[in-house]
Every structure is written in C-alpha cells, then in structure tokens.
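Asker: Take this structure first; my questions come after.
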Amino acid sequence: QVHLVESGGGLVQAGGSLRLSCAVSGTIFSINTMGWYRQAPGKQRELVATITSGGNTNYADSVKGRFTISGDNAKNTYLQMNSLKPEDTAVYYCNVQSSSSRSRPTYWGQGTQVTVSS
C-alpha cells in the first residue's frame with residue numbers, strides 16, 4: 001500500500017523559512033511528476049510547484065523566486081520555502097503522478113499545515 005508522508009509544516013513569522021518533505025512509502029511505478037499543492041480556507045486547491053522525473057520544474061507565479069522544489073533518487077520530494085508571506089498560509093499537499101498502469105495515476109499525501117503570521 002502506498003502512502004505519501006509529509007513533514008516540515010508549522011508556524012513561522014513573515015519573512016521566515018520552512019522546508020517541507022514528502023516521503024513515499026510503498027511502490028509507485030514510473031513516477032513522472034512530483035509536486036506540491038496547497039489549499040487555503042475557503043479556496044480551491046492550487047498548484048505550488050512540480051518537478052518531473054527529468055528534473056524540469058514549474059512554479060506558481062506567486063511563489064517564483066521564493067520557493068524551490070527538489071527531489072532525490074529515493075523518490076522523496078522537498079519544498080524549500082523562503083520569504084514566507086501570510087498569504088502562503090494553507091494546508092500543503094504532496095502529489096505524485098504515475099504513468100504506469102500498475103499504479104494509480106495520482107497519489108496525495110494527508111497534508112501539512114503551514115501558518116505564516118504577520
């Protein structure tokens with residue numbers, strides 16, 4: 001059974017930094033993209049950043065220059081968040097996408113809360 005386990009959320013003051021981690025337990029075949037999404041209260045879930053198996057990255061305009069996504073060979077993914085703003089407050093979700101018929105197309109973590117105080 002596959003689980004995505006996020007960690008690293010918390011409370012931080014504006015201008016501070018946090019590093020989120022997502023660890024994959026279980027087997028996911030042919031991962032093509034890993035990413036982070038977030039959902040603030042009363043808002044839809046939105047893309048924050050993604051990284052492909054080839055190392056290509058994509059960021060939401062609102063986080064460009066402040067957040068950095070990375071991954072490692074152990075299929076973990078990280079989100080370094082610098083210069084945090086109160087509007088970054090949300091539950092952050094790890095996402096993994098597979099191109100194999102032996103796995104589900106997409107997996108989600110349970111979410112980790114990030115709160116940025118002004």
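Chain labels run A, B, ... following the order of the structure tokens; each chain numbers its residues from 1, and ligands are numbered from 1 in the order shown.
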Please provide as a PyMOL selection string all residues within 6 Å of range 19-29 of chain A, with the sequence filter that same-chain residues fewer than 6 positions apart are discarded (counting only C-alpha atoms).

Answerer: chain A and resi 1-8+76-81+100+103

Asker: Just want the 6 Å neighbourhood of range 90-99 of chain A, counted on only C-alpha atoms, with same-chain residues fewer than 2 positions away dropped. Output as a PyMOL selection string.

Answerer: chain A and resi 30-40+105-109+111-114

Asker: Give me, as a ChimeraX atom specification, the residues of chain A that a backbone DSSP run labels strand (DSSP E).

Answerer: /A:3-7,10-13,18-25,31-39,46-52,57-59,67-71,77-81,90-98,106-108,112-117

Asker: CA of Arg66 in chain A and CA of Gly42 in chain A, how far apart in Å?

Answerer: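 It comes out at 24.0 Å.
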
Asker: Fewer than 5 positions away in the same chain doesn't count, so skip those; otherwise give me all residues within 10 Å of Asn82 in chain A, counting only C-alpha atoms, as a list in words.

Answerer: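 The residues satisfying every condition are Ala14, Gly15, Gly16, Ser17, Leu18, Arg19, Val63, Gly65, Arg66, Phe67 and Thr68 of chain A.
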
Asker: Quick one: of A:Gly55, A:Pro86, A:Gly10, A:Pro41, who's nearest to Ile69 in chain A, counting only C-alpha atoms?

Answerer: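 Ranked by minimum distance to Ile69 in chain A, first place goes to A:Gly55.
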
Asker: Find the residue from A:Thr50, A:Gln44, A:Thr115, A:Asn58 that sits nearest to Lys85 in chain A; use only C-alpha atoms when measuring.

Answerer: A:Thr115

Asker: Can you work out the spacing between CA of Lys75 in chain A and CA of Glu87 in chain A in Å, to one decimal?

Answerer: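 Here the two named atoms are 28.9 Å from each other.
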
Asker: Taking the chain letters and numbering used in this document, name the residues of range 35-115 of chain A that DSSP puts in helix (DSSP H, G or I), as a PyMOL selection string.

Answerer: chain A and resi 61-63+86-88

Asker: Next, dump the selected residues to file, keeping only all heavy atoms, as a JSON list (two decimals), in the first residue's frame.

Answerer:
```json
[["chain", "number", "residue", "atom", "x", "y", "z"],
["A", 61, "ASP", "N", 3.13, 31.45, -10.17],
["A", 61, "ASP", "CA", 3.72, 32.79, -10.22],
["A", 61, "ASP", "C", 3.91, 33.38, -8.83],
["A", 61, "ASP", "O", 4.87, 34.11, -8.56],
["A", 61, "ASP", "CB", 2.85, 33.72, -11.06],
["A", 61, "ASP", "CG", 2.93, 33.41, -12.55],
["A", 61, "ASP", "OD1", 3.89, 32.73, -12.97],
["A", 61, "ASP", "OD2", 2.02, 33.84, -13.28],
["A", 62, "SER", "N", 2.99, 33.06, -7.93],
["A", 62, "SER", "CA", 3.00, 33.65, -6.60],
["A", 62, "SER", "C", 4.18, 33.19, -5.74],
["A", 62, "SER", "O", 4.49, 33.82, -4.73],
["A", 62, "SER", "CB", 1.70, 33.33, -5.87],
["A", 62, "SER", "OG", 1.52, 31.93, -5.76],
["A", 63, "VAL", "N", 4.85, 32.11, -6.14],
["A", 63, "VAL", "CA", 5.96, 31.60, -5.32],
["A", 63, "VAL", "C", 7.29, 31.63, -6.05],
["A", 63, "VAL", "O", 8.32, 31.30, -5.46],
["A", 63, "VAL", "CB", 5.67, 30.16, -4.83],
["A", 63, "VAL", "CG1", 4.33, 30.09, -4.12],
["A", 63, "VAL", "CG2", 5.74, 29.15, -5.97],
["A", 86, "PRO", "N", 2.10, 35.95, 4.77],
["A", 86, "PRO", "CA", 0.85, 35.45, 5.37],
["A", 86, "PRO", "C", -0.06, 34.77, 4.35],
["A", 86, "PRO", "O", -0.75, 33.80, 4.69],
["A", 86, "PRO", "CB", 0.22, 36.72, 5.94],
["A", 86, "PRO", "CG", 1.38, 37.60, 6.27],
["A", 86, "PRO", "CD", 2.38, 37.34, 5.17],
["A", 87, "GLU", "N", -0.03, 35.22, 3.12],
["A", 87, "GLU", "CA", -0.88, 34.60, 2.09],
["A", 87, "GLU", "C", -0.40, 33.21, 1.67],
["A", 87, "GLU", "O", -1.08, 32.53, 0.91],
["A", 87, "GLU", "CB", -1.01, 35.51, 0.86],
["A", 87, "GLU", "CG", 0.31, 36.01, 0.29],
["A", 87, "GLU", "CD", 0.67, 37.40, 0.80],
["A", 87, "GLU", "OE1", 0.48, 37.67, 2.02],
["A", 87, "GLU", "OE2", 1.15, 38.21, -0.01],
["A", 88, "ASP", "N", 0.74, 32.79, 2.17],
["A", 88, "ASP", "CA", 1.20, 31.42, 1.94],
["A", 88, "ASP", "C", 0.56, 30.44, 2.93],
["A", 88, "ASP", "O", 0.75, 29.23, 2.80],
["A", 88, "ASP", "CB", 2.72, 31.33, 2.06],
["A", 88, "ASP", "CG", 3.45, 32.11, 0.98],
["A", 88, "ASP", "OD1", 3.02, 32.05, -0.19],
["A", 88, "ASP", "OD2", 4.46, 32.77, 1.31]]
```

Asker: Could you jot down the CA of Ser117 in chain A to CA of Thr89 in chain A separation for me, Å, one decimal place?

Answerer: 8.4 Å

Asker: If we count only C-alpha atoms, what is near Gln13 in chain A at a cut-off of 8 Å, once residues fewer than 6 positions away on the same chain are taken out, given as a ChimeraX atom specification?

Answerer: /A:84,116-118
